[in-house]
Amino acid sequence: MGSPHAVVAAAASLLLMAAFDGALVHADFYNDVDFVWGYQNAGIWNDGNSLSLMLDNVSGCGMVTKNQYLFGSIEVQLKLVKGNSAGTVTAYYLSSTGDKHDEIDFEFLGNETGQPYIIHTNIFTRGVGNREEQFYPWFEPSDDFHNYTIHWNPSQVVWFVDGIPIRVFRNYESYGVPFPDRQAMRAYSSIWEADEWATRGGLVKIDWNSAPFVAYYQYLQLRACPWHGPSGSSECSAASPPNWWTSPEYSTLTYQEQGQMKWARDNYMIYDYCEDAERFGGAMPPECSLPKY
């Protein structure tokens, strides 16, 4: 039998799949994404279900979904770079465009062999970020595929890892906190060199002798509301059966999910911007004093 946290993760992943099973929209990497740079370092196989992105000393690689979305769930199974991944970043995120863009991030910061990856999360609203939270994974993310899901609706944004919520950003616009509910976003993923900051603040540099660095993806799911122009905001936020994400059951975490998130944050969280009073000179962002769920 596996360790307790492995059992919890597996059970949570099954519950998440069951909750979202009503209308899974299976995507494939042949038809639903474009490569925006370093296309020569990308590979697709398994009828479009499997993808690799590679970083070498010439180029990294990046992809983006062809469609834009407003609300729903974007998920993928990802196996990170194995071995010495110091100085590399594998990014998986949603983003709109422009100076006042919205963005919801997963970034996986590489490390030396035997040292843990860091799961770096952030959210930008109207072009402003500075809301970083970081975690160690409770598993080795380069040994096998793990599910990373961004769930986004008019009430909250939730980051899930193997079905376990690790972070929530609630809609507190009534308190003056901007929320990403007006701009459609595409899903992006890339692998690139960032050794000036990625590993121990840039102290550990990339070792090109370990190249190429390869991240593997499978089973992209785009269970989200396609954007069809200016009317999309009202179409995607309307409370209706097709817009499952507007259902009251998705407006907040369940009690079970709250317990799972507390477990993840108590045991694996290593940085929380809401605990960094020195950074903000004591003038903390307003959401930091408001309930997370």
# chains A, B, ... in the order shown; residues from 1 in each chain; ligands from 1
call {"tool": "residues_around", "arguments": {"residues": "stretch 210-227 of chain A", "least_positions_apart": "6", "cutoff": "7 Å", "atoms": "only C-alpha atoms", "output": "PyMOL selection string"}}
result
chain A and resi 24-28+49-56+67-81+84+184+236
call {"tool": "write_last_selection", "arguments": {"atoms": "N, CA, C and O atoms", "output": "compact mmCIF listing (two decimals), in the first residue's frame"}}
result
# COMPACT_ATOMS: atom_id res chain seq x y z
N LEU A 24 -16.37 16.30 -20.35
CA LEU A 24 -14.95 16.47 -20.63
C LEU A 24 -14.73 16.74 -22.11
O LEU A 24 -15.27 16.03 -22.97
N VAL A 25 -13.97 17.77 -22.41
CA VAL A 25 -13.64 18.10 -23.78
C VAL A 25 -12.19 17.69 -24.01
O VAL A 25 -11.27 18.38 -23.59
N HIS A 26 -12.03 16.54 -24.63
CA HIS A 26 -10.68 16.04 -24.87
C HIS A 26 -10.08 16.79 -26.05
O HIS A 26 -10.69 16.92 -27.10
N ALA A 27 -8.88 17.31 -25.85
CA ALA A 27 -8.18 18.02 -26.91
C ALA A 27 -7.02 17.15 -27.39
O ALA A 27 -6.66 16.15 -26.77
N ASP A 28 -6.46 17.50 -28.52
CA ASP A 28 -5.23 16.84 -28.95
C ASP A 28 -4.24 17.87 -29.43
O ASP A 28 -4.60 18.96 -29.88
N ASN A 49 -2.21 12.68 -28.55
CA ASN A 49 -2.42 12.70 -27.11
C ASN A 49 -1.16 12.97 -26.30
O ASN A 49 -1.25 13.27 -25.11
N SER A 50 0.00 12.83 -26.93
CA SER A 50 1.26 12.97 -26.22
C SER A 50 2.12 14.04 -26.88
O SER A 50 2.13 14.17 -28.11
N LEU A 51 2.86 14.77 -26.05
CA LEU A 51 3.66 15.89 -26.53
C LEU A 51 4.95 15.96 -25.72
O LEU A 51 4.97 15.63 -24.53
N SER A 52 6.01 16.42 -26.34
CA SER A 52 7.22 16.76 -25.61
C SER A 52 7.68 18.15 -26.03
O SER A 52 7.54 18.54 -27.20
N LEU A 53 8.18 18.90 -25.06
CA LEU A 53 8.82 20.19 -25.30
C LEU A 53 10.25 20.08 -24.80
O LEU A 53 10.50 19.61 -23.69
N MET A 54 11.22 20.55 -25.61
CA MET A 54 12.63 20.36 -25.31
C MET A 54 13.36 21.70 -25.27
O MET A 54 13.08 22.60 -26.05
N LEU A 55 14.29 21.78 -24.33
CA LEU A 55 15.21 22.90 -24.24
C LEU A 55 16.62 22.39 -24.51
O LEU A 55 17.08 21.45 -23.86
N ASP A 56 17.31 23.00 -25.49
CA ASP A 56 18.73 22.71 -25.70
C ASP A 56 19.48 24.03 -25.72
O ASP A 56 18.92 25.08 -25.41
N ASN A 67 -7.69 28.30 -29.41
CA ASN A 67 -8.87 29.02 -28.94
C ASN A 67 -8.60 29.77 -27.65
O ASN A 67 -7.72 29.41 -26.86
N GLN A 68 -9.40 30.80 -27.42
CA GLN A 68 -9.43 31.51 -26.15
C GLN A 68 -10.63 31.02 -25.34
O GLN A 68 -11.63 30.58 -25.91
N TYR A 69 -10.52 31.16 -24.02
CA TYR A 69 -11.57 30.67 -23.14
C TYR A 69 -11.83 31.68 -22.02
O TYR A 69 -10.93 32.43 -21.63
N LEU A 70 -13.05 31.66 -21.51
CA LEU A 70 -13.41 32.44 -20.33
C LEU A 70 -14.20 31.53 -19.40
O LEU A 70 -15.36 31.20 -19.67
N PHE A 71 -13.54 31.07 -18.36
CA PHE A 71 -14.09 30.19 -17.33
C PHE A 71 -14.12 28.72 -17.77
O PHE A 71 -14.26 28.39 -18.93
N GLY A 72 -13.96 27.86 -16.77
CA GLY A 72 -13.94 26.42 -16.98
C GLY A 72 -12.72 25.80 -16.32
O GLY A 72 -12.16 26.35 -15.37
N SER A 73 -12.32 24.65 -16.83
CA SER A 73 -11.15 23.95 -16.31
C SER A 73 -10.22 23.60 -17.46
O SER A 73 -10.65 23.06 -18.48
N ILE A 74 -8.95 23.90 -17.26
CA ILE A 74 -7.89 23.52 -18.19
C ILE A 74 -6.98 22.57 -17.43
O ILE A 74 -6.48 22.90 -16.35
N GLU A 75 -6.78 21.37 -17.98
CA GLU A 75 -5.93 20.42 -17.26
C GLU A 75 -5.04 19.66 -18.23
O GLU A 75 -5.35 19.51 -19.42
N VAL A 76 -3.92 19.21 -17.69
CA VAL A 76 -2.99 18.41 -18.47
C VAL A 76 -2.20 17.53 -17.51
O VAL A 76 -2.05 17.86 -16.33
N GLN A 77 -1.76 16.40 -18.03
CA GLN A 77 -0.83 15.55 -17.27
C GLN A 77 0.58 15.86 -17.76
O GLN A 77 0.84 15.91 -18.97
N LEU A 78 1.48 16.06 -16.82
CA LEU A 78 2.81 16.56 -17.13
C LEU A 78 3.86 15.77 -16.36
O LEU A 78 3.69 15.50 -15.17
N LYS A 79 4.92 15.39 -17.06
CA LYS A 79 6.09 14.76 -16.43
C LYS A 79 7.28 15.68 -16.68
O LYS A 79 7.66 15.93 -17.83
N LEU A 80 7.86 16.18 -15.59
CA LEU A 80 8.88 17.22 -15.70
C LEU A 80 10.25 16.66 -16.06
O LEU A 80 10.47 15.44 -16.05
N VAL A 81 11.15 17.57 -16.36
CA VAL A 81 12.52 17.22 -16.75
C VAL A 81 13.18 16.38 -15.66
O VAL A 81 13.15 16.73 -14.47
N ASN A 84 19.25 16.56 -13.53
CA ASN A 84 19.69 17.92 -13.21
C ASN A 84 18.92 18.93 -14.05
O ASN A 84 19.26 19.17 -15.21
N ALA A 184 -10.77 37.01 -21.99
CA ALA A 184 -10.54 35.62 -22.38
C ALA A 184 -9.05 35.31 -22.38
O ALA A 184 -8.22 36.20 -22.61
N CYS A 236 -20.45 33.31 -21.20
CA CYS A 236 -19.68 32.37 -20.40
C CYS A 236 -19.96 32.48 -18.91
O CYS A 236 -19.67 31.55 -18.15
call {"tool": "select_by_dssp", "arguments": {"residues": "stretch 43-262 of chain A", "states": "helix (DSSP H, G or I)", "output": "PDB file with N, CA, C and O atoms, in the first residue's frame"}}
result
ATOM      1  N   GLU A 173     -13.955  41.414  -5.762  1.00  0.00           N
ATOM      2  CA  GLU A 173     -14.058  42.715  -6.420  1.00  0.00           C
ATOM      3  C   GLU A 173     -14.864  43.700  -5.586  1.00  0.00           C
ATOM      4  O   GLU A 173     -14.633  44.913  -5.638  1.00  0.00           O
ATOM      5  N   SER A 174     -15.822  43.199  -4.804  1.00  0.00           N
ATOM      6  CA  SER A 174     -16.620  44.088  -3.955  1.00  0.00           C
ATOM      7  C   SER A 174     -15.769  44.740  -2.867  1.00  0.00           C
ATOM      8  O   SER A 174     -16.188  45.731  -2.256  1.00  0.00           O
ATOM      9  N   TYR A 175     -14.554  44.185  -2.628  1.00  0.00           N
ATOM     10  CA  TYR A 175     -13.614  44.763  -1.675  1.00  0.00           C
ATOM     11  C   TYR A 175     -12.490  45.524  -2.380  1.00  0.00           C
ATOM     12  O   TYR A 175     -11.499  45.893  -1.759  1.00  0.00           O
ATOM     13  N   ARG A 200      17.488  28.578  -6.621  1.00  0.00           N
ATOM     14  CA  ARG A 200      18.149  29.237  -5.485  1.00  0.00           C
ATOM     15  C   ARG A 200      18.501  30.674  -5.824  1.00  0.00           C
ATOM     16  O   ARG A 200      19.595  31.165  -5.545  1.00  0.00           O
ATOM     17  N   GLY A 201      17.544  31.353  -6.435  1.00  0.00           N
ATOM     18  CA  GLY A 201      17.721  32.772  -6.744  1.00  0.00           C
ATOM     19  C   GLY A 201      18.814  33.050  -7.749  1.00  0.00           C
ATOM     20  O   GLY A 201      19.340  34.162  -7.810  1.00  0.00           O
ATOM     21  N   GLY A 202      19.143  32.054  -8.564  1.00  0.00           N
ATOM     22  CA  GLY A 202      20.172  32.228  -9.582  1.00  0.00           C
ATOM     23  C   GLY A 202      21.548  31.749  -9.168  1.00  0.00           C
ATOM     24  O   GLY A 202      22.508  31.835  -9.961  1.00  0.00           O
ATOM     25  N   TRP A 208      24.679  22.765 -19.262  1.00  0.00           N
ATOM     26  CA  TRP A 208      24.331  22.358 -20.625  1.00  0.00           C
ATOM     27  C   TRP A 208      24.827  20.967 -20.956  1.00  0.00           C
ATOM     28  O   TRP A 208      24.371  20.362 -21.937  1.00  0.00           O
ATOM     29  N   ASN A 209      25.739  20.420 -20.130  1.00  0.00           N
ATOM     30  CA  ASN A 209      26.147  19.026 -20.333  1.00  0.00           C
ATOM     31  C   ASN A 209      25.006  18.057 -20.051  1.00  0.00           C
ATOM     32  O   ASN A 209      25.051  16.895 -20.460  1.00  0.00           O
ATOM     33  N   SER A 210      23.982  18.545 -19.318  1.00  0.00           N
ATOM     34  CA  SER A 210      22.820  17.713 -19.024  1.00  0.00           C
ATOM     35  C   SER A 210      21.729  17.823 -20.093  1.00  0.00           C
ATOM     36  O   SER A 210      20.717  17.127 -20.023  1.00  0.00           O
ATOM     37  N   GLY A 232     -18.986  37.244 -25.366  1.00  0.00           N
ATOM     38  CA  GLY A 232     -18.535  36.068 -24.625  1.00  0.00           C
ATOM     39  C   GLY A 232     -18.595  36.226 -23.129  1.00  0.00           C
ATOM     40  O   GLY A 232     -18.819  35.252 -22.396  1.00  0.00           O
ATOM     41  N   SER A 233     -18.391  37.443 -22.630  1.00  0.00           N
ATOM     42  CA  SER A 233     -18.392  37.640 -21.177  1.00  0.00           C
ATOM     43  C   SER A 233     -19.725  37.239 -20.566  1.00  0.00           C
ATOM     44  O   SER A 233     -19.766  36.509 -19.568  1.00  0.00           O
ATOM     45  N   SER A 234     -20.824  37.697 -21.163  1.00  0.00           N
ATOM     46  CA  SER A 234     -22.139  37.345 -20.625  1.00  0.00           C
ATOM     47  C   SER A 234     -22.493  35.898 -20.938  1.00  0.00           C
ATOM     48  O   SER A 234     -23.108  35.207 -20.118  1.00  0.00           O
ATOM     49  N   GLU A 235     -22.091  35.406 -22.110  1.00  0.00           N
ATOM     50  CA  GLU A 235     -22.399  34.021 -22.474  1.00  0.00           C
ATOM     51  C   GLU A 235     -21.712  33.044 -21.529  1.00  0.00           C
ATOM     52  O   GLU A 235     -22.307  32.048 -21.105  1.00  0.00           O
ATOM     53  N   CYS A 236     -20.453  33.315 -21.204  1.00  0.00           N
ATOM     54  CA  CYS A 236     -19.679  32.369 -20.401  1.00  0.00           C
ATOM     55  C   CYS A 236     -19.959  32.480 -18.905  1.00  0.00           C
ATOM     56  O   CYS A 236     -19.667  31.549 -18.151  1.00  0.00           O
ATOM     57  N   SER A 237     -20.520  33.604 -18.468  1.00  0.00           N
ATOM     58  CA  SER A 237     -20.796  33.766 -17.046  1.00  0.00           C
ATOM     59  C   SER A 237     -22.259  33.523 -16.694  1.00  0.00           C
ATOM     60  O   SER A 237     -22.613  33.501 -15.513  1.00  0.00           O
ATOM     61  N   TRP A 244     -21.458  24.688 -16.619  1.00  0.00           N
ATOM     62  CA  TRP A 244     -21.413  23.937 -15.370  1.00  0.00           C
ATOM     63  C   TRP A 244     -20.612  24.651 -14.291  1.00  0.00           C
ATOM     64  O   TRP A 244     -20.883  24.503 -13.096  1.00  0.00           O
ATOM     65  N   TRP A 245     -19.602  25.450 -14.688  1.00  0.00           N
ATOM     66  CA  TRP A 245     -18.730  26.127 -13.735  1.00  0.00           C
ATOM     67  C   TRP A 245     -19.462  27.207 -12.940  1.00  0.00           C
ATOM     68  O   TRP A 245     -18.952  27.677 -11.934  1.00  0.00           O
ATOM     69  N   THR A 246     -20.664  27.613 -13.406  1.00  0.00           N
ATOM     70  CA  THR A 246     -21.442  28.609 -12.656  1.00  0.00           C
ATOM     71  C   THR A 246     -22.343  27.973 -11.606  1.00  0.00           C
ATOM     72  O   THR A 246     -23.009  28.682 -10.853  1.00  0.00           O
ATOM     73  N   PRO A 248     -23.642  26.502  -8.198  1.00  0.00           N
ATOM     74  CA  PRO A 248     -23.251  26.859  -6.826  1.00  0.00           C
ATOM     75  C   PRO A 248     -22.236  25.904  -6.208  1.00  0.00           C
ATOM     76  O   PRO A 248     -21.430  26.321  -5.370  1.00  0.00           O
ATOM     77  N   GLU A 249     -22.246  24.636  -6.621  1.00  0.00           N
ATOM     78  CA  GLU A 249     -21.313  23.682  -6.024  1.00  0.00           C
ATOM     79  C   GLU A 249     -19.857  24.005  -6.353  1.00  0.00           C
ATOM     80  O   GLU A 249     -18.938  23.532  -5.665  1.00  0.00           O
ATOM     81  N   TYR A 250     -19.631  24.814  -7.408  1.00  0.00           N
ATOM     82  CA  TYR A 250     -18.266  25.187  -7.763  1.00  0.00           C
ATOM     83  C   TYR A 250     -17.908  26.590  -7.298  1.00  0.00           C
ATOM     84  O   TYR A 250     -16.839  27.099  -7.621  1.00  0.00           O
ATOM     85  N   TYR A 255     -16.039  21.056   1.959  1.00  0.00           N
ATOM     86  CA  TYR A 255     -15.321  20.858   3.225  1.00  0.00           C
ATOM     87  C   TYR A 255     -14.147  19.895   3.046  1.00  0.00           C
ATOM     88  O   TYR A 255     -13.072  20.081   3.627  1.00  0.00           O
ATOM     89  N   GLN A 256     -14.351  18.872   2.227  1.00  0.00           N
ATOM     90  CA  GLN A 256     -13.263  17.929   1.983  1.00  0.00           C
ATOM     91  C   GLN A 256     -12.098  18.612   1.274  1.00  0.00           C
ATOM     92  O   GLN A 256     -10.929  18.413   1.631  1.00  0.00           O
ATOM     93  N   GLU A 257     -12.408  19.444   0.282  1.00  0.00           N
ATOM     94  CA  GLU A 257     -11.349  20.161  -0.432  1.00  0.00           C
ATOM     95  C   GLU A 257     -10.645  21.158   0.479  1.00  0.00           C
ATOM     96  O   GLU A 257      -9.421  21.348   0.376  1.00  0.00           O
ATOM     97  N   GLN A 258     -11.394  21.780   1.381  1.00  0.00           N
ATOM     98  CA  GLN A 258     -10.758  22.691   2.328  1.00  0.00           C
ATOM     99  C   GLN A 258      -9.739  21.950   3.189  1.00  0.00           C
ATOM    100  O   GLN A 258      -8.639  22.457   3.463  1.00  0.00           O
ATOM    101  N   GLY A 259     -10.098  20.750   3.627  1.00  0.00           N
ATOM    102  CA  GLY A 259      -9.164  19.948   4.415  1.00  0.00           C
ATOM    103  C   GLY A 259      -7.947  19.541   3.616  1.00  0.00           C
ATOM    104  O   GLY A 259      -6.819  19.546   4.125  1.00  0.00           O
ATOM    105  N   GLN A 260      -8.161  19.181   2.344  1.00  0.00           N
ATOM    106  CA  GLN A 260      -7.039  18.814   1.487  1.00  0.00           C
ATOM    107  C   GLN A 260      -6.094  19.998   1.275  1.00  0.00           C
ATOM    108  O   GLN A 260      -4.870  19.849   1.304  1.00  0.00           O
ATOM    109  N   MET A 261      -6.679  21.177   1.049  1.00  0.00           N
ATOM    110  CA  MET A 261      -5.830  22.348   0.834  1.00  0.00           C
ATOM    111  C   MET A 261      -5.043  22.697   2.095  1.00  0.00           C
ATOM    112  O   MET A 261      -3.865  23.053   2.024  1.00  0.00           O
ATOM    113  N   LYS A 262      -5.680  22.588   3.245  1.00  0.00           N
ATOM    114  CA  LYS A 262      -4.957  22.852   4.496  1.00  0.00           C
ATOM    115  C   LYS A 262      -3.795  21.883   4.653  1.00  0.00           C
ATOM    116  O   LYS A 262      -2.688  22.277   5.057  1.00  0.00           O
TER     117      LYS A 262
END
call {"tool": "atom_distance", "arguments": {"atom1": "atom CA of A:Thr252", "atom2": "atom CA of A:His146"}}
result
23.8 Å
call {"tool": "atom_distance", "arguments": {"atom1": "atom CA of A:Ile104", "atom2": "atom CA of A:Ile123"}}
result
4.6 Å
call {"tool": "closest_residue", "arguments": {"among": "A:Ser189, A:Trp37, A:Gly48, A:Lys205", "to": "A:Gly60", "atoms": "only C-alpha atoms"}}
result
A:Trp37
call {"tool": "atom_distance", "arguments": {"atom1": "atom CA of A:Phe280", "atom2": "atom CA of A:Glu132"}}
result
12.7 Å
call {"tool": "residues_around", "arguments": {"residues": "A:Gln156", "least_positions_apart": "4", "cutoff": "9 Å", "atoms": "only C-alpha atoms", "output": "list of chain:residue names"}}
result
A:His151, A:Trp152, A:Val168, A:Phe169, A:Arg170, A:Asn171, A:Phe179, A:Tyr250, A:Ser251, A:Thr252, A:Tyr293
call {"tool": "write_last_selection", "arguments": {"atoms": "N, CA and C atoms", "output": "PDB file, in the first residue's frame"}}
result
ATOM      1  N   HIS A 151      -8.756  25.663 -12.433  1.00  0.00           N
ATOM      2  CA  HIS A 151     -10.220  25.765 -12.458  1.00  0.00           C
ATOM      3  C   HIS A 151     -10.580  27.220 -12.183  1.00  0.00           C
ATOM      4  N   TRP A 152     -11.387  27.803 -13.073  1.00  0.00           N
ATOM      5  CA  TRP A 152     -11.588  29.251 -13.093  1.00  0.00           C
ATOM      6  C   TRP A 152     -13.057  29.535 -13.368  1.00  0.00           C
ATOM      7  N   VAL A 168      -6.310  28.983  -3.653  1.00  0.00           N
ATOM      8  CA  VAL A 168      -7.565  29.588  -4.113  1.00  0.00           C
ATOM      9  C   VAL A 168      -7.379  31.102  -4.153  1.00  0.00           C
ATOM     10  N   PHE A 169      -7.908  31.720  -5.212  1.00  0.00           N
ATOM     11  CA  PHE A 169      -7.988  33.178  -5.295  1.00  0.00           C
ATOM     12  C   PHE A 169      -9.446  33.515  -5.540  1.00  0.00           C
ATOM     13  N   ARG A 170     -10.109  34.062  -4.520  1.00  0.00           N
ATOM     14  CA  ARG A 170     -11.540  34.306  -4.599  1.00  0.00           C
ATOM     15  C   ARG A 170     -11.851  35.661  -5.235  1.00  0.00           C
ATOM     16  N   ASN A 171     -13.073  35.774  -5.730  1.00  0.00           N
ATOM     17  CA  ASN A 171     -13.534  37.022  -6.320  1.00  0.00           C
ATOM     18  C   ASN A 171     -13.945  37.973  -5.194  1.00  0.00           C
ATOM     19  N   PHE A 179     -10.401  40.943 -10.224  1.00  0.00           N
ATOM     20  CA  PHE A 179     -10.545  39.510 -10.464  1.00  0.00           C
ATOM     21  C   PHE A 179     -10.554  39.269 -11.977  1.00  0.00           C
ATOM     22  N   TYR A 250     -19.631  24.814  -7.408  1.00  0.00           N
ATOM     23  CA  TYR A 250     -18.266  25.187  -7.763  1.00  0.00           C
ATOM     24  C   TYR A 250     -17.908  26.590  -7.298  1.00  0.00           C
ATOM     25  N   SER A 251     -18.789  27.228  -6.523  1.00  0.00           N
ATOM     26  CA  SER A 251     -18.545  28.604  -6.104  1.00  0.00           C
ATOM     27  C   SER A 251     -17.582  28.697  -4.928  1.00  0.00           C
ATOM     28  N   THR A 252     -17.369  27.583  -4.254  1.00  0.00           N
ATOM     29  CA  THR A 252     -16.419  27.539  -3.148  1.00  0.00           C
ATOM     30  C   THR A 252     -15.923  26.111  -3.004  1.00  0.00           C
ATOM     31  N   TYR A 293     -11.764  30.806   1.481  1.00  0.00           N
ATOM     32  CA  TYR A 293     -12.905  30.043   0.977  1.00  0.00           C
ATOM     33  C   TYR A 293     -14.110  30.254   1.880  1.00  0.00           C
TER      34      TYR A 293
END
call {"tool": "residues_around", "arguments": {"residues": "stretch 124-129 of chain A", "least_positions_apart": "6", "cutoff": "8 Å", "atoms": "only C-alpha atoms", "output": "ChimeraX atom specification"}}
result
/A:99-104,178-180
call {"tool": "select_by_dssp", "arguments": {"residues": "stretch 2-231 of chain A", "states": "strand (DSSP E)", "output": "PyMOL selection string"}}
result
chain A and resi 33-37+42-45+50-55+61-65+69-79+88-95+103-109+118-124+133-135+146-152+156-161+164-170+186-193+213-226
call {"tool": "residues_around", "arguments": {"residues": "A:Ile206", "least_positions_apart": "6", "cutoff": "7 Å", "atoms": "only C-alpha atoms", "output": "list of chain:residue names"}}
result
A:Ala86, A:Gly87, A:Thr88, A:Asp195
call {"tool": "write_last_selection", "arguments": {"atoms": "all heavy atoms", "output": "PDB file, in the first residue's frame"}}
result
ATOM      1  N   ALA A  86      18.374  22.121 -12.964  1.00  0.00           N
ATOM      2  CA  ALA A  86      18.661  23.446 -12.422  1.00  0.00           C
ATOM      3  C   ALA A  86      18.725  24.477 -13.548  1.00  0.00           C
ATOM      4  O   ALA A  86      19.278  24.229 -14.620  1.00  0.00           O
ATOM      5  CB  ALA A  86      19.976  23.428 -11.653  1.00  0.00           C
ATOM      6  N   GLY A  87      18.137  25.647 -13.293  1.00  0.00           N
ATOM      7  CA  GLY A  87      18.169  26.729 -14.271  1.00  0.00           C
ATOM      8  C   GLY A  87      17.095  26.668 -15.321  1.00  0.00           C
ATOM      9  O   GLY A  87      16.999  27.558 -16.163  1.00  0.00           O
ATOM     10  N   THR A  88      16.261  25.625 -15.288  1.00  0.00           N
ATOM     11  CA  THR A  88      15.179  25.497 -16.264  1.00  0.00           C
ATOM     12  C   THR A  88      13.845  25.840 -15.611  1.00  0.00           C
ATOM     13  O   THR A  88      13.656  25.659 -14.404  1.00  0.00           O
ATOM     14  CB  THR A  88      15.093  24.085 -16.858  1.00  0.00           C
ATOM     15  OG1 THR A  88      14.601  23.166 -15.855  1.00  0.00           O
ATOM     16  CG2 THR A  88      16.455  23.609 -17.350  1.00  0.00           C
ATOM     17  N   ASP A 195      18.243  30.700 -15.692  1.00  0.00           N
ATOM     18  CA  ASP A 195      19.165  30.411 -14.595  1.00  0.00           C
ATOM     19  C   ASP A 195      19.616  31.650 -13.833  1.00  0.00           C
ATOM     20  O   ASP A 195      20.318  31.548 -12.835  1.00  0.00           O
ATOM     21  CB  ASP A 195      20.353  29.575 -15.070  1.00  0.00           C
ATOM     22  CG  ASP A 195      21.325  30.318 -15.979  1.00  0.00           C
ATOM     23  OD1 ASP A 195      21.078  31.507 -16.291  1.00  0.00           O
ATOM     24  OD2 ASP A 195      22.332  29.705 -16.375  1.00  0.00           O
TER      25      ASP A 195
END
call {"tool": "closest_residue", "arguments": {"among": "A:Val33, A:Leu253, A:Val89, A:Met185", "to": "A:Arg167", "atoms": "only C-alpha atoms"}}
result
A:Leu253
call {"tool": "residues_around", "arguments": {"residues": "stretch 273-279 of chain A", "least_positions_apart": "4", "cutoff": "12 Å", "atoms": "only C-alpha atoms", "output": "list of chain:residue names"}}
result
A:His120, A:Thr121, A:Asn122, A:Ile123, A:Gly129, A:Asn130, A:Arg131, A:Glu132, A:Glu133, A:Gln134, A:Met269, A:Ala283, A:Met284, A:Pro285, A:Pro286, A:Glu287, A:Cys288, A:Ser289, A:Leu290, A:Lys292
call {"tool": "write_last_selection", "arguments": {"atoms": "N, CA and C atoms", "output": "mmCIF file, in the first residue's frame"}}
result
data_model
loop_
_atom_site.group_PDB
_atom_site.id
_atom_site.type_symbol
_atom_site.label_atom_id
_atom_site.label_comp_id
_atom_site.auth_asym_id
_atom_site.auth_seq_id
_atom_site.Cartn_x
_atom_site.Cartn_y
_atom_site.Cartn_z
ATOM 1 N N HIS A 120 5.722 26.890 -8.479
ATOM 2 C CA HIS A 120 5.568 28.335 -8.320
ATOM 3 C C HIS A 120 4.236 28.749 -8.932
ATOM 4 N N THR A 121 3.374 29.416 -8.167
ATOM 5 C CA THR A 121 2.086 29.876 -8.679
ATOM 6 C C THR A 121 1.992 31.390 -8.546
ATOM 7 N N ASN A 122 1.220 31.989 -9.449
ATOM 8 C CA ASN A 122 1.022 33.432 -9.401
ATOM 9 C C ASN A 122 -0.279 33.746 -10.128
ATOM 10 N N ILE A 123 -0.816 34.939 -9.904
ATOM 11 C CA ILE A 123 -1.988 35.399 -10.638
ATOM 12 C C ILE A 123 -1.838 36.890 -10.909
ATOM 13 N N GLY A 129 0.690 41.526 -10.923
ATOM 14 C CA GLY A 129 0.893 40.216 -10.310
ATOM 15 C C GLY A 129 1.331 40.356 -8.860
ATOM 16 N N ASN A 130 2.540 39.901 -8.559
ATOM 17 C CA ASN A 130 3.099 39.991 -7.202
ATOM 18 C C ASN A 130 2.279 39.217 -6.179
ATOM 19 N N ARG A 131 1.690 38.095 -6.626
ATOM 20 C CA ARG A 131 0.892 37.276 -5.712
ATOM 21 C C ARG A 131 1.425 35.835 -5.733
ATOM 22 N N GLU A 132 2.705 35.687 -5.501
ATOM 23 C CA GLU A 132 3.332 34.383 -5.618
ATOM 24 C C GLU A 132 3.075 33.512 -4.391
ATOM 25 N N GLU A 133 2.830 32.245 -4.660
ATOM 26 C CA GLU A 133 2.832 31.209 -3.634
ATOM 27 C C GLU A 133 3.621 30.031 -4.185
ATOM 28 N N GLN A 134 4.443 29.417 -3.332
ATOM 29 C CA GLN A 134 5.318 28.326 -3.775
ATOM 30 C C GLN A 134 5.169 27.114 -2.871
ATOM 31 N N MET A 269 3.900 24.056 1.646
ATOM 32 C CA MET A 269 4.031 25.438 1.204
ATOM 33 C C MET A 269 5.329 26.024 1.737
ATOM 34 N N ALA A 283 2.015 47.239 4.129
ATOM 35 C CA ALA A 283 0.744 47.540 3.453
ATOM 36 C C ALA A 283 0.333 46.326 2.626
ATOM 37 N N MET A 284 -0.244 45.332 3.285
ATOM 38 C CA MET A 284 -0.520 44.052 2.648
ATOM 39 C C MET A 284 -1.658 44.176 1.637
ATOM 40 N N PRO A 285 -1.606 43.372 0.566
ATOM 41 C CA PRO A 285 -2.719 43.328 -0.384
ATOM 42 C C PRO A 285 -4.021 43.010 0.351
ATOM 43 N N PRO A 286 -5.121 43.649 -0.034
ATOM 44 C CA PRO A 286 -6.367 43.507 0.757
ATOM 45 C C PRO A 286 -6.884 42.081 0.837
ATOM 46 N N GLU A 287 -6.647 41.267 -0.211
ATOM 47 C CA GLU A 287 -7.174 39.899 -0.168
ATOM 48 C C GLU A 287 -6.524 39.054 0.924
ATOM 49 N N CYS A 288 -5.354 39.497 1.404
ATOM 50 C CA CYS A 288 -4.637 38.717 2.408
ATOM 51 C C CYS A 288 -5.398 38.662 3.739
ATOM 52 N N SER A 289 -6.246 39.637 4.002
ATOM 53 C CA SER A 289 -7.017 39.647 5.249
ATOM 54 C C SER A 289 -8.417 39.087 5.092
ATOM 55 N N LEU A 290 -8.722 38.539 3.910
ATOM 56 C CA LEU A 290 -10.054 38.018 3.631
ATOM 57 C C LEU A 290 -10.012 36.490 3.579
ATOM 58 N N LYS A 292 -10.053 32.648 2.513
ATOM 59 C CA LYS A 292 -9.650 31.993 1.266
ATOM 60 C C LYS A 292 -10.777 31.171 0.684
#
call {"tool": "residues_around", "arguments": {"residues": "A:Pro137", "least_positions_apart": "3", "cutoff": "12 Å", "atoms": "only C-alpha atoms", "output": "list of chain:residue names"}}
result
A:His5, A:Ala6, A:Ala9, A:Leu80, A:Phe108, A:Leu109, A:Gln115, A:Pro116, A:Tyr117, A:Ile118, A:Ile119, A:His120, A:Gln134, A:Glu140, A:Pro141, A:Ser142, A:His146, A:Tyr148, A:Phe160, A:Val161, A:Asp162, A:Ile164, A:Ile166, A:Ala264, A:Arg265, A:Asn267, A:Tyr268, A:Met269, A:Ile270
